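**Student:** So here's entry_17.txt, just compact mmCIF, C-alpha atoms:
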# COMPACT_ATOMS: atom_id res chain seq x y z
CA MET A 1 100.15 173.31 125.82
CA SER A 2 98.85 169.75 126.35
CA TRP A 3 95.22 169.15 125.48
CA PHE A 4 95.13 165.68 127.13
CA LYS A 5 96.05 164.58 130.62
CA ARG A 6 96.34 160.97 131.83
CA ILE A 7 94.41 160.67 135.08
CA LYS A 8 94.95 156.91 135.57
CA GLU A 9 98.16 154.94 135.29
CA GLY A 10 98.44 151.53 133.69
CA ILE A 11 95.49 151.81 131.35
CA THR A 12 95.31 148.78 129.11
CA THR A 13 93.18 147.96 126.10
CA SER A 14 91.06 144.85 126.37
CA THR A 15 91.75 142.35 123.60
CA LYS A 16 90.46 138.90 122.92
CA GLU A 17 92.75 136.05 123.96
CA LYS A 18 95.00 135.03 121.10
CA LYS A 19 94.16 131.62 119.76
CA ASP A 20 97.04 129.37 118.75
CA THR A 21 96.75 127.78 115.31
CA PRO A 22 96.72 123.99 115.66
CA GLU A 23 99.76 122.28 114.18
CA GLY A 24 99.42 120.28 110.99
CA LEU A 25 96.80 122.44 109.28
CA TRP A 26 99.17 123.92 106.72
CA TYR A 27 101.88 122.62 104.42
CA LYS A 28 104.77 124.78 103.20
CA CYS A 29 106.42 123.44 100.06
CA PRO A 30 110.21 123.16 100.47
CA GLY A 31 110.57 123.84 96.75
CA CYS A 32 108.59 127.00 95.96
CA LYS A 33 107.61 127.90 99.57
CA LYS A 34 103.93 127.94 98.59
CA ILE A 35 101.61 127.40 101.56
CA ILE A 36 98.48 125.29 101.19
CA SER A 37 96.27 123.39 103.61
CA THR A 38 97.34 119.87 104.47
CA GLN A 39 93.94 118.68 103.28
CA GLU A 40 94.47 120.22 99.84
CA HIS A 41 97.99 118.81 99.79
CA ALA A 42 96.65 115.31 100.46
CA GLU A 43 93.98 115.76 97.79
CA GLN A 44 96.82 116.55 95.37
CA TYR A 45 98.48 113.24 96.32
CA TRP A 46 101.06 115.12 98.37
CA VAL A 47 102.34 116.96 95.30
CA CYS A 48 102.76 120.75 95.33
CA PRO A 49 100.32 122.34 92.83
CA GLY A 50 102.73 125.25 92.41
CA CYS A 51 106.05 123.62 91.49
CA ASN A 52 105.23 119.89 91.25
CA TYR A 53 107.44 119.02 94.23
CA HIS A 54 106.72 115.43 95.30
CA GLU A 55 106.73 115.15 99.08
CA ARG A 56 107.93 111.84 100.51
CA ILE A 57 105.07 109.59 101.52
CA GLY A 58 104.88 106.11 103.00
CA SER A 59 103.29 102.76 102.25
CA GLU A 60 99.90 103.65 103.73
CA GLU A 61 99.54 106.68 101.45
CA TYR A 62 100.48 104.69 98.33
CA PHE A 63 98.10 101.87 99.25
CA SER A 64 95.31 104.38 99.86
CA PHE A 65 95.19 105.68 96.30
CA LEU A 66 96.65 102.84 94.21
CA PHE A 67 94.34 100.09 95.42
CA ASP A 68 90.71 100.44 94.34
CA ASN A 69 88.72 102.15 97.11
CA GLY A 70 91.81 101.93 99.31
CA LYS A 71 91.06 98.26 100.03
CA TYR A 72 93.90 95.77 100.31
CA THR A 73 95.09 92.71 102.20
CA GLU A 74 98.48 92.96 103.84
CA ILE A 75 100.64 89.84 104.11
CA ASN A 76 103.41 89.00 106.59
CA ALA A 77 102.50 92.13 108.54
CA GLY A 78 103.94 90.98 111.86
CA MET A 79 107.43 90.11 110.66
CA THR A 80 110.21 91.87 112.63
CA SER A 81 114.01 91.88 112.63
CA GLY A 82 116.17 90.05 115.14
CA ASP A 83 119.57 91.18 116.36
CA PRO A 84 121.85 88.17 115.72
CA LEU A 85 125.00 90.32 115.75
CA ASN A 86 124.15 92.13 119.02
CA PHE A 87 124.99 95.31 117.14
CA VAL A 88 125.61 98.53 119.07
CA ASP A 89 126.32 102.04 117.74
CA THR A 90 124.88 104.98 119.66
CA LYS A 91 122.38 102.49 121.08
CA LYS A 92 121.67 98.79 120.85
CA TYR A 93 120.09 97.71 117.58
CA SER A 94 117.37 95.86 119.48
CA VAL A 95 116.53 99.07 121.34
CA ARG A 96 116.58 101.11 118.13
CA LEU A 97 114.15 98.69 116.51
CA LYS A 98 111.77 98.84 119.45
CA ASP A 99 111.92 102.64 119.65
CA THR A 100 111.32 103.02 115.91
CA GLN A 101 108.42 100.58 115.97
CA GLU A 102 106.77 102.51 118.79
CA LYS A 103 107.40 105.88 117.09
CA THR A 104 106.19 104.90 113.61
CA GLY A 105 103.66 102.17 114.29
CA LEU A 106 105.48 100.04 111.71
CA LYS A 107 107.15 96.66 112.17
CA ASP A 108 109.89 97.27 109.61
CA SER A 109 110.80 99.37 106.58
CA ILE A 110 108.53 97.66 104.02
CA ARG A 111 104.92 96.51 103.79
CA THR A 112 103.49 94.09 101.24
CA ALA A 113 99.84 93.95 100.24
CA HIS A 114 97.64 92.70 97.43
CA GLY A 115 94.40 94.03 96.02
CA LYS A 116 93.06 95.45 92.78
CA LEU A 117 94.20 98.41 90.73
CA ASN A 118 91.49 99.40 88.24
CA ASP A 119 90.10 95.86 88.66
CA GLN A 120 93.49 94.27 87.92
CA LYS A 121 94.90 92.04 90.65
CA LEU A 122 98.24 93.31 91.92
CA MET A 123 100.83 92.88 94.66
CA ILE A 124 102.53 96.06 95.94
CA ALA A 125 105.61 96.17 98.16
CA ALA A 126 106.10 99.72 99.45
CA MET A 127 108.92 101.05 101.63
CA ASP A 128 108.71 103.49 104.52
CA PHE A 129 111.67 105.85 104.77
CA LYS A 130 110.75 106.88 108.31
CA PHE A 131 111.70 103.41 109.52
CA ILE A 132 115.51 103.62 109.79
CA GLY A 133 115.79 105.35 106.43
CA GLY A 134 113.90 102.63 104.57
CA SER A 135 116.99 100.47 105.01
CA MET A 136 117.19 96.98 103.54
CA GLY A 137 117.55 94.31 106.20
CA SER A 138 116.69 90.63 106.42
CA VAL A 139 112.99 91.38 106.91
CA MET A 140 112.80 93.44 103.73
CA GLY A 141 114.46 90.69 101.72
CA GLU A 142 112.19 88.02 103.20
CA LYS A 143 108.98 90.02 102.72
CA ILE A 144 109.83 90.79 99.09
CA SER A 145 110.67 87.11 98.53
CA ARG A 146 107.37 85.98 100.07
CA ALA A 147 105.49 88.58 98.02
CA ILE A 148 107.10 87.14 94.89
CA GLN A 149 106.13 83.62 95.99
CA TYR A 150 102.54 84.83 96.33
CA CYS A 151 102.69 86.35 92.82
CA LEU A 152 104.02 83.06 91.43
CA ALA A 153 101.26 81.08 93.13
CA LYS A 154 98.45 83.44 92.11
CA ASN A 155 99.91 84.59 88.77
CA ILE A 156 99.59 88.30 89.57
CA PRO A 157 101.98 91.20 88.76
CA LEU A 158 104.31 92.85 91.27
CA VAL A 159 105.08 96.52 91.89
CA ILE A 160 107.89 97.49 94.28
CA ILE A 161 107.95 101.12 95.43
CA SER A 162 111.49 101.87 96.57
CA LYS A 163 112.45 104.61 99.00
CA SER A 164 115.65 103.64 100.77
CA GLY A 165 119.06 104.73 102.00
CA GLY A 166 120.42 101.28 101.17
CA ALA A 167 121.53 98.27 103.18
CA ARG A 168 121.00 98.27 106.95
CA MET A 169 124.47 98.40 108.47
CA MET A 170 123.26 96.95 111.79
CA GLU A 171 122.76 93.60 110.02
CA SER A 172 126.07 93.67 108.11
CA ALA A 173 126.43 90.78 105.62
CA LEU A 174 122.93 89.54 106.44
CA SER A 175 121.62 92.72 104.87
CA LEU A 176 123.86 92.47 101.79
CA MET A 177 122.68 88.90 101.19
CA GLN A 178 119.19 90.26 100.50
CA MET A 179 120.45 91.72 97.22
CA ALA A 180 121.16 88.25 95.81
CA LYS A 181 118.09 86.73 97.44
CA THR A 182 115.60 89.17 95.95
CA SER A 183 117.33 89.17 92.55
CA ALA A 184 117.12 85.37 92.37
CA MET A 185 113.43 85.45 93.25
CA LEU A 186 112.76 88.05 90.57
CA ALA A 187 114.44 85.74 88.04
CA LEU A 188 111.77 83.13 88.87
CA LEU A 189 109.10 85.76 88.26
CA ALA A 190 110.66 86.54 84.88
CA GLU A 191 110.70 82.84 83.93
CA LYS A 192 106.95 82.70 84.49
CA LYS A 193 106.54 85.90 82.46
CA ILE A 194 104.79 87.65 85.35
CA PRO A 195 105.25 91.45 85.10
CA TYR A 196 107.35 93.33 87.63
CA ILE A 197 107.34 97.14 87.69
CA SER A 198 109.90 98.99 89.80
CA LEU A 199 108.93 102.49 90.94
CA MET A 200 111.84 104.49 92.34
CA THR A 201 111.03 107.41 94.60
CA ASP A 202 113.12 109.92 96.53
CA PRO A 203 115.63 108.62 97.55
CA THR A 204 116.49 105.23 96.08
CA THR A 205 120.13 104.49 96.83
CA GLY A 206 122.69 101.89 97.91
CA GLY A 207 122.05 98.16 97.77
CA VAL A 208 118.40 98.64 96.82
CA THR A 209 119.42 100.42 93.62
CA ALA A 210 122.12 97.82 93.03
CA SER A 211 119.60 94.98 93.13
CA PHE A 212 115.83 94.71 92.76
CA ALA A 213 115.09 98.41 92.12
CA MET A 214 116.83 98.28 88.75
CA LEU A 215 115.56 94.85 87.68
CA GLY A 216 112.03 95.74 86.66
CA ASP A 217 110.44 94.87 83.34
CA LEU A 218 109.71 98.58 83.59
CA ASN A 219 111.89 100.87 85.67
CA ILE A 220 110.04 104.10 86.39
CA SER A 221 110.36 107.01 88.79
CA GLU A 222 108.64 109.99 90.31
CA PRO A 223 109.92 113.45 89.22
CA GLY A 224 113.03 114.77 90.94
CA ALA A 225 113.84 111.56 92.80
CA LEU A 226 117.44 110.95 93.86
CA ILE A 227 118.54 107.64 92.34
CA GLY A 228 122.02 106.18 92.64
CA PHE A 229 124.34 103.84 94.46
CA ALA A 230 126.68 106.10 96.41
CA GLY A 231 125.61 109.67 97.18
CA PRO A 232 126.78 112.62 95.05
CA ARG A 233 129.24 113.81 97.69
CA VAL A 234 130.91 110.39 97.91
CA VAL A 235 131.10 110.09 94.12
CA LYS A 236 132.63 113.56 93.82
CA GLU A 237 135.24 112.82 96.47
CA THR A 238 136.08 109.49 94.81
CA ILE A 239 136.57 110.72 91.24
CA GLY A 240 137.87 114.15 92.26
CA LYS A 241 135.77 115.99 89.68
CA ASP A 242 132.70 118.19 89.68
CA LEU A 243 129.53 116.34 88.81
CA PRO A 244 127.13 117.27 85.97
CA LYS A 245 124.15 119.43 86.84
CA GLY A 246 121.27 117.34 88.11
CA PHE A 247 123.49 114.31 88.62
CA GLN A 248 121.53 111.31 89.99
CA THR A 249 118.13 112.94 89.62
CA ALA A 250 115.41 110.93 87.89
CA GLU A 251 115.59 113.26 84.90
CA PHE A 252 119.36 112.71 84.55
CA ILE A 253 118.96 108.93 84.90
CA LEU A 254 116.19 108.92 82.28
CA GLU A 255 118.43 110.83 79.85
CA LYS A 256 121.17 108.21 80.31
CA GLY A 257 118.76 105.36 79.55
CA PHE A 258 118.36 103.77 82.99
CA LEU A 259 114.66 104.63 83.31
CA ASP A 260 111.76 103.89 81.00
CA PHE A 261 109.73 106.94 82.01
CA ILE A 262 109.00 109.42 84.79
CA VAL A 263 105.45 109.63 86.08
CA ASP A 264 103.71 112.30 88.12
CA ARG A 265 102.21 110.74 91.24
CA ARG A 266 98.79 112.13 90.31
CA GLN A 267 98.87 110.01 87.13
CA LEU A 268 100.59 107.01 88.72
CA LYS A 269 97.55 104.75 89.09
CA GLU A 270 96.47 105.28 85.50
CA LYS A 271 100.01 104.76 84.15
CA LEU A 272 100.41 101.54 86.13
CA SER A 273 97.03 100.37 84.87
CA GLN A 274 98.01 101.06 81.26
CA SER A 275 101.37 99.33 81.69
CA LEU A 276 99.83 96.21 83.24
CA ALA A 277 97.25 96.07 80.45
CA PHE A 278 100.09 96.27 77.92
CA PHE A 279 101.83 93.27 79.49
CA HIS A 280 98.60 91.27 79.37
CA SER A 281 97.86 92.13 75.74
Turn this file's structure into structure tokens for me.

**Tutor:**
Amino acid sequence: MSWFKRIKEGITTSTKEKKDTPEGLWYKCPGCKKIISTQEHAEQYWVCPGCNYHERIGSEEYFSFLFDNGKYTEINAGMTSGDPLNFVDTKKYSVRLKDTQEKTGLKDSIRTAHGKLNDQKLMIAAMDFKFIGGSMGSVMGEKISRAIQYCLAKNIPLVIISKSGGARMMESALSLMQMAKTSAMLALLAEKKIPYISLMTDPTTGGVTASFAMLGDLNISEPGALIGFAGPRVVKETIGKDLPKGFQTAEFILEKGFLDFIVDRRQLKEKLSQSLAFFHS
């Protein structure tokens, strides 16, 4: 026997309209899958508090916490690449440049700026991976060279923060020439005994690794960064052997003597300050 009888069809329960969560409020770590707010993540210098995973960041983020009070003066900001080879792959290089500039708000894959780090004058050249993979083209070589010229004129140290997939294939030999160009300029810096610190971040590969990234008076890295010339897959296919565990990570490179030390991004400013003071002592 039924105690209840439906007398109306289609009865619905009134509920409040579901509110969509705005995008960008939360960050999920790709390492440990921990979820934190993007604000907390930024306050941690974009490092996961759970597993120490260092998220890739760009020049603006590095400038914001390395320069005192986030104040700096950018040089050669309007410099852009040409297309002397009229290169075309899936699209024209000139079109790719324009599209990337509009998408990222950047002119090219590196920015150079000077300011103070703990009251010490400093020039920083920082790469942006989101601009064609941080690739090294003629603009990168020229901006690094001009930054070095500024350091020579003002007698201030240089820090280059590398994050690159290597040479920009769309510029062919013009890109490869930047390896020699930047290396020669760094030799002038060494002659004047002006410190140069190279910070390698994830990833630092190709012609960047084969030139200025490995020529620092101090070569340092963030934890877990991929550092090498060719990628692990290419190396494995070339030698036909399995690679050691952790091959081409910063920790592996440090063990083999190619790095001076690894520094957590949250201690980066203080470590750079200490290192620069050491050079001046």

**Student:** Which distance in Å separates CA of Phe63 in chain A and CA of Trp26 in chain A, to one decimal?

**Tutor:**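 That distance, rounded to one decimal, is 23.3 Å.
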
**Student:** May I ask which of the residues A:Ser81, A:Thr249, A:Thr100, A:Ser198 is the closest one to Leu174 in chain A, counting only C-alpha atoms?

**Tutor:**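 Among A:Ser81, A:Thr249, A:Thr100, A:Ser198, it is A:Ser81 that comes nearest to Leu174 in chain A.
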
**Student:** How many Å separate CA of Gln248 in chain A from CA of Leu158 in chain A?

**Tutor:**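 Taking CA of Gln248 in chain A as the start and CA of Leu158 in chain A as the end point, the length is 25.3 Å.
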
**Student:** So which one's closest to Ala210 in chain A, A:Phe129, A:Phe65, A:Phe229, A:Phe279? Using only C-alpha atoms, please.

**Tutor:**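 Answer, going by the shortest atom-to-atom distance: A:Phe229.
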
**Student:** Go ahead and compute the interatomic distance for CA of Ile75 in chain A and CA of Ala126 in chain A, in Å to one decimal.

**Tutor:**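 If I compute the distance from CA of Ile75 in chain A to CA of Ala126 in chain A, I get 12.2 Å.
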
**Student:** Considering all atoms listed in the file, give me a table of residues in range 171-204 of chain A that are at most 12 Å from range 269-277 of chain A, with the closest atom pair and distance in Å for each, as a Markdown table.

**Tutor:**
| residue | atom | partner | partner_atom | distance |
| --- | --- | --- | --- | --- |
| A:Ile194 | CA | A:Leu276 | CA | 10.1 |
| A:Pro195 | CA | A:Leu276 | CA | 7.4 |
| A:Tyr196 | CA | A:Leu276 | CA | 9.2 |
| A:Ile197 | CA | A:Leu272 | CA | 8.4 |
| A:Ser198 | CA | A:Leu272 | CA | 10.5 |
| A:Leu199 | CA | A:Leu272 | CA | 9.8 |

**Student:** For a quick check of understanding, using only C-alpha atoms, which of A:Thr112, A:Thr38, A:Gln44, A:Ser64 has the smallest distance to Tyr150 in chain A?

**Tutor:** A:Thr112

**Student:** For each of A:Val159, A:Cys151, A:Met140, A:Met200, take the minimum atom-to-atom distance to Gln178 in chain A, counting all atoms listed in the file, then give the residue where this is smallest.

**Tutor:**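 When distances to Gln178 in chain A are compared using all atoms listed in the file, the smallest one comes from A:Met140.
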
**Student:** Leaving out Ser145 in chain A and any residue of its chain fewer than 5 positions from it, which residues lie within 8 Å of it when counting only C-alpha atoms, given as a VMD selection string?

**Tutor:** chain A and resid 181 to 182 185

**Student:** Limited to C-alpha atoms, could you put the picked residues into a file as a PDB file, keeping the file's coordinate frame?

**Tutor:**
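The resulting result20.pdb:
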ATOM      1  CA  LYS A 181     118.090  86.730  97.440  1.00  0.00           C
ATOM      2  CA  THR A 182     115.600  89.170  95.950  1.00  0.00           C
ATOM      3  CA  MET A 185     113.430  85.450  93.250  1.00  0.00           C
TER       4      MET A 185
END

**Student:** Pick out the closest residue to Val95 in chain A from this set: A:Ala113, A:Met170, A:Ile160, A:Ile220. Count all atoms listed in the file.

**Tutor:** A:Met170

**Student:** Find the residue from A:Gln120, A:Ile148, A:Gly141, A:Gly240 that sits nearest to Ala180 in chain A; use all atoms listed in the file when measuring.

**Tutor:** A:Gly141

**Student:** Using all atoms listed in the file, list the residues that have an atom at most 9 Å from (105.1, 83.6, 91.4), coordinates as in the file, as a PDB file with C-alpha atoms, keeping the file's coordinate frame.

**Tutor:**
ATOM      1  CA  ALA A 147     105.490  88.580  98.020  1.00  0.00           C
ATOM      2  CA  ILE A 148     107.100  87.140  94.890  1.00  0.00           C
ATOM      3  CA  GLN A 149     106.130  83.620  95.990  1.00  0.00           C
ATOM      4  CA  TYR A 150     102.540  84.830  96.330  1.00  0.00           C
ATOM      5  CA  CYS A 151     102.690  86.350  92.820  1.00  0.00           C
ATOM      6  CA  LEU A 152     104.020  83.060  91.430  1.00  0.00           C
ATOM      7  CA  ALA A 153     101.260  81.080  93.130  1.00  0.00           C
ATOM      8  CA  LYS A 154      98.450  83.440  92.110  1.00  0.00           C
ATOM      9  CA  ASN A 155      99.910  84.590  88.770  1.00  0.00           C
ATOM     10  CA  ILE A 156      99.590  88.300  89.570  1.00  0.00           C
ATOM     11  CA  PRO A 157     101.980  91.200  88.760  1.00  0.00           C
ATOM     12  CA  MET A 185     113.430  85.450  93.250  1.00  0.00           C
ATOM     13  CA  LEU A 186     112.760  88.050  90.570  1.00  0.00           C
ATOM     14  CA  LEU A 188     111.770  83.130  88.870  1.00  0.00           C
ATOM     15  CA  LEU A 189     109.100  85.760  88.260  1.00  0.00           C
ATOM     16  CA  LYS A 192     106.950  82.700  84.490  1.00  0.00           C
ATOM     17  CA  ILE A 194     104.790  87.650  85.350  1.00  0.00           C
TER      18      ILE A 194
END

**Student:** Write out as a list in words the residues lying within 8 Å of Ser37 in chain A, counting only C-alpha atoms and excluding same-chain residues fewer than 3 positions away.

**Tutor:**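 Close residues of Ser37 in chain A: Leu25, Trp26, Tyr27, Glu40 and His41 of chain A.
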
**Student:** Give me a file of those residues, with C-alpha atoms, as a short mmCIF file (atom, residue, chain, number, x, y, z; two decimals), in the frame of the given file.

**Tutor:**
data_model
loop_
_atom_site.label_atom_id
_atom_site.label_comp_id
_atom_site.auth_asym_id
_atom_site.auth_seq_id
_atom_site.Cartn_x
_atom_site.Cartn_y
_atom_site.Cartn_z
CA LEU A 25 96.80 122.44 109.28
CA TRP A 26 99.17 123.92 106.72
CA TYR A 27 101.88 122.62 104.42
CA GLU A 40 94.47 120.22 99.84
CA HIS A 41 97.99 118.81 99.79
#

**Student:** Using all atoms listed in the file, which residues sit within 12 Å of Asn52 in chain A once same-chain residues fewer than 3 positions away are excluded, as a tab-separated table (two decimals) with C-alpha atoms, in the frame of the given file?

**Tutor:**
chain	number	residue	atom	x	y	z
A	29	CYS	CA	106.42	123.44	100.06
A	30	PRO	CA	110.21	123.16	100.47
A	31	GLY	CA	110.57	123.84	96.75
A	32	CYS	CA	108.59	127.00	95.96
A	33	LYS	CA	107.61	127.90	99.57
A	34	LYS	CA	103.93	127.94	98.59
A	41	HIS	CA	97.99	118.81	99.79
A	44	GLN	CA	96.82	116.55	95.37
A	45	TYR	CA	98.48	113.24	96.32
A	46	TRP	CA	101.06	115.12	98.37
A	47	VAL	CA	102.34	116.96	95.30
A	48	CYS	CA	102.76	120.75	95.33
A	49	PRO	CA	100.32	122.34	92.83
A	55	GLU	CA	106.73	115.15	99.08
A	222	GLU	CA	108.64	109.99	90.31
A	223	PRO	CA	109.92	113.45	89.22
A	224	GLY	CA	113.03	114.77	90.94
A	263	VAL	CA	105.45	109.63	86.08
A	264	ASP	CA	103.71	112.30	88.12
A	265	ARG	CA	102.21	110.74	91.24
A	266	ARG	CA	98.79	112.13	90.31

**Student:** Residues within 7 Å of Tyr93 in chain A, please, as number ranges by chain. Count only C-alpha atoms; anything in the same chain fewer than 5 positions from it doesn't count.

**Tutor:** A: 83, 87-88, 170

**Student:** Name all residues at most 10 Å from Ser175 in chain A (count all atoms listed in the file; drop same-chain ones fewer than 5 positions away) and give them as a list in words.

**Tutor:**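 My list of contacting residues is Ser135, Met136, Gly137, Ser138, Val139, Met140, Gly141, Gly166, Ala167, Arg168, Met169, Met170 and Gly207 of chain A.
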
**Student:** Go ahead and write the residues just picked, C-alpha atoms, as a PDB file, in the frame of the given file.

**Tutor:**
ATOM      1  CA  SER A 135     116.990 100.470 105.010  1.00  0.00           C
ATOM      2  CA  MET A 136     117.190  96.980 103.540  1.00  0.00           C
ATOM      3  CA  GLY A 137     117.550  94.310 106.200  1.00  0.00           C
ATOM      4  CA  SER A 138     116.690  90.630 106.420  1.00  0.00           C
ATOM      5  CA  VAL A 139     112.990  91.380 106.910  1.00  0.00           C
ATOM      6  CA  MET A 140     112.800  93.440 103.730  1.00  0.00           C
ATOM      7  CA  GLY A 141     114.460  90.690 101.720  1.00  0.00           C
ATOM      8  CA  GLY A 166     120.420 101.280 101.170  1.00  0.00           C
ATOM      9  CA  ALA A 167     121.530  98.270 103.180  1.00  0.00           C
ATOM     10  CA  ARG A 168     121.000  98.270 106.950  1.00  0.00           C
ATOM     11  CA  MET A 169     124.470  98.400 108.470  1.00  0.00           C
ATOM     12  CA  MET A 170     123.260  96.950 111.790  1.00  0.00           C
ATOM     13  CA  GLY A 207     122.050  98.160  97.770  1.00  0.00           C
TER      14      GLY A 207
END
